[in-house]
Structures are given as C-alpha cells and as structure tokens.
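A.B. asks: Dropping the structure in here first, questions after.
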Amino acid sequence: MACALLTGLSPRSMSFPSIIMIDPSQEAAELARFALWRAGLHCAFRACPDLATARRCLLQGRRQGDDIAPSLILLESDMECGEGLQLLRELRASKHLADAPVVVFPSYETEGEREALAAGATEYLPKPVDGEHYAQCVVEMVERWCDVSEASAPLSADVMRDALAGLPGHPQRRREDGSPQGGRSH
C-alpha cells in the first residue's frame, strides 16, 4: 500500500523525494515514516514488506511509462533467505533503477557489507538497535541522498488542503458525507 507522508502529494508534481523501504518489519517502516515526519521532511514514502511487493512497486513505474526512479531505496538485505541482495542485483541491471541510491540497511550487524557493496549497494549501514538512533539514521540518509530543499520547506495552505482532502477524518470529507463538521458529536 502506498503511504505518502502527506497523502495525495506526488514526488513528481511537488519535487519531493520518494523513499521506498523494503523491510518485513512494519515497526521499522513506521518508525522511519515517523522520523521523517518529526524532522519536517515532506516526502512520498512506501514500505514494501516483502520482495514480491518490492518488485511490483519498483517495476510498476516502467510499465506505466514513468521513468522517475525513487530518490532513495532502503533495503533490508536479510529478507527471505538472503534474497535481498538478489533484488539489489536486479535493480542495478534495470536501466530505470541502475543509478538510484540503495542503502542496504540490515537488522543485524553481519559480515555482509562486502557482498552488499559488490551487489551494487550505494551504502551499507546496519540498523541501530536504539529507536532514537535508528530514527536519526533514517533522517540522515534521506538528507544525504535526496534533494531535501523543497522537502523541508513549509507547505502552503493550498498544498495542505489538497493533500488532506482525501483523508477520512478531514472536515471537507465529513461535510460531503453528512457527518458533523466540527469534530466529535455528543
């Protein structure tokens, strides 16, 4: 499921970075999403919990004629019997994704750095165990590999209204569906 930090904003139209995180841990993805939100970085963020989903996500753009590669791919290499590095090799063989920065971000300090770099990783960085340090690492990677000049700028009221219009709890949506306009009803 596509999960933009600000739903409705496309990295193409707003020049915001698009980050794809390939990791079976929902907690890791949610902490990364929260870290970016807390840092005030506006970006499209998609978490892929398995390799099949990641392949569909990353190859979908080519099928739809969209040649825009993600700004950053965070890859858990210790997935599905070590197949994460096989996916990395496939990305590097793809004309569409060959130059996209891929940070191999394994859960455990393993001896896989040499293999990851040989497979085409841009960087190898084991995930910190501490949640605060993990969040800081995610933000630093996005700042290092993505153009965050527009992503960190305050959003205009029009952009915020458009981004929030499709959310179920948004006042505009409540007016349309007949629900009370101002919050909770008694």
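Residues in the structure tokens are numbered from 1 in each chain, the chains being A, B, ... in the order shown, and ligands are numbered from 1 in the order shown.
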As a PyMOL selection string, please: the residues near region 100-106 of chain A (cut-off 10 Å, only C-alpha atoms, same-chain neighbours under 5 positions excluded).

C.D. replies: chain A and resi 20-23+68-79+84-85+88+91-92+112-113+116-117+120-128+138+141+145-146

A.B. asks: My list of candidates is A:Arg144, A:His133, A:Arg55, A:His42. Which is closest to Gln86 (chain A) when distances are computed with only C-alpha atoms?

C.D. replies: A:Arg55

A.B. asks: Which value, in Å to one decimal, gives the distance between CA of Arg56 (chain A) and CA of Glu109 (chain A)?

C.D. replies: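 It comes out at 28.4 Å.
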
A.B. asks: A:Phe45, A:Ala54, A:Tyr134, A:Ala28: which is nearest Phe16 (chain A), counting only C-alpha atoms?

C.D. replies: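 Going through A:Phe45, A:Ala54, A:Tyr134, A:Ala28 one by one, the smallest distance to Phe16 (chain A) is for A:Phe45.
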
A.B. asks: Please determine, counting only C-alpha atoms, which residue among A:Leu59, A:Ala47, A:Glu140, A:Arg89 has the shortest atom-to-atom distance to Glu27 (chain A).

C.D. replies: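 Distance minimum relative to Glu27 (chain A) lands on A:Ala47.
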
A.B. asks: Write out as a ChimeraX atom specification the set of residues from region 82-141 of chain A that DSSP, computed on the backbone, places in strand (DSSP E or B).

C.D. replies: /A:102-104,123-124

A.B. asks: Okay, now the selection with all heavy atoms, as a PDB file, in the first residue's frame?

C.D. replies:
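Listing of selection.pdb after writing:
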ATOM      1  N   VAL A 102      20.792   3.072  -3.257  1.00  0.00           N
ATOM      2  CA  VAL A 102      20.251   1.970  -2.459  1.00  0.00           C
ATOM      3  C   VAL A 102      21.136   1.799  -1.233  1.00  0.00           C
ATOM      4  O   VAL A 102      22.324   1.505  -1.353  1.00  0.00           O
ATOM      5  CB  VAL A 102      20.210   0.646  -3.251  1.00  0.00           C
ATOM      6  CG1 VAL A 102      19.680  -0.484  -2.372  1.00  0.00           C
ATOM      7  CG2 VAL A 102      19.370   0.784  -4.513  1.00  0.00           C
ATOM      8  N   VAL A 103      20.536   2.017  -0.068  1.00  0.00           N
ATOM      9  CA  VAL A 103      21.252   1.804   1.177  1.00  0.00           C
ATOM     10  C   VAL A 103      20.806   0.465   1.733  1.00  0.00           C
ATOM     11  O   VAL A 103      19.619   0.258   1.999  1.00  0.00           O
ATOM     12  CB  VAL A 103      20.981   2.930   2.197  1.00  0.00           C
ATOM     13  CG1 VAL A 103      21.680   2.630   3.524  1.00  0.00           C
ATOM     14  CG2 VAL A 103      21.450   4.274   1.642  1.00  0.00           C
ATOM     15  N   VAL A 104      21.745  -0.458   1.851  1.00  0.00           N
ATOM     16  CA  VAL A 104      21.447  -1.743   2.484  1.00  0.00           C
ATOM     17  C   VAL A 104      21.471  -1.487   3.974  1.00  0.00           C
ATOM     18  O   VAL A 104      22.457  -1.013   4.529  1.00  0.00           O
ATOM     19  CB  VAL A 104      22.444  -2.828   2.036  1.00  0.00           C
ATOM     20  CG1 VAL A 104      22.244  -4.105   2.830  1.00  0.00           C
ATOM     21  CG2 VAL A 104      22.279  -3.105   0.542  1.00  0.00           C
ATOM     22  N   GLU A 123      25.472   2.291  -0.166  1.00  0.00           N
ATOM     23  CA  GLU A 123      25.978   2.386   1.200  1.00  0.00           C
ATOM     24  C   GLU A 123      25.489   1.171   1.973  1.00  0.00           C
ATOM     25  O   GLU A 123      24.441   0.605   1.664  1.00  0.00           O
ATOM     26  CB  GLU A 123      25.460   3.673   1.848  1.00  0.00           C
ATOM     27  CG  GLU A 123      25.980   3.939   3.233  1.00  0.00           C
ATOM     28  CD  GLU A 123      25.496   5.278   3.802  1.00  0.00           C
ATOM     29  OE1 GLU A 123      24.878   6.078   3.079  1.00  0.00           O
ATOM     30  OE2 GLU A 123      25.730   5.497   5.003  1.00  0.00           O
ATOM     31  N   TYR A 124      26.225   0.790   2.997  1.00  0.00           N
ATOM     32  CA  TYR A 124      25.858  -0.316   3.879  1.00  0.00           C
ATOM     33  C   TYR A 124      25.870   0.217   5.296  1.00  0.00           C
ATOM     34  O   TYR A 124      26.875   0.748   5.757  1.00  0.00           O
ATOM     35  CB  TYR A 124      26.865  -1.459   3.730  1.00  0.00           C
ATOM     36  CG  TYR A 124      26.573  -2.662   4.588  1.00  0.00           C
ATOM     37  CD1 TYR A 124      25.768  -3.689   4.115  1.00  0.00           C
ATOM     38  CD2 TYR A 124      27.098  -2.774   5.864  1.00  0.00           C
ATOM     39  CE1 TYR A 124      25.501  -4.813   4.897  1.00  0.00           C
ATOM     40  CE2 TYR A 124      26.844  -3.883   6.661  1.00  0.00           C
ATOM     41  CZ  TYR A 124      26.048  -4.899   6.163  1.00  0.00           C
ATOM     42  OH  TYR A 124      25.777  -6.004   6.940  1.00  0.00           O
TER      43      TYR A 124
END

A.B. asks: Which residue gives the smallest distance to Asp147 (chain A) among A:Leu36, A:Leu41, A:Cys57, A:Ala29, with only C-alpha atoms counted?

C.D. replies: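 Closest candidate: A:Leu41.
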
A.B. asks: So, with only C-alpha atoms as the atoms that count, which of A:Leu87, A:Leu51, A:Val148, A:His96 lies closest to Ala119 (chain A)?

C.D. replies: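 Using only C-alpha atoms, Ala119 (chain A) sits closest to A:Leu87.
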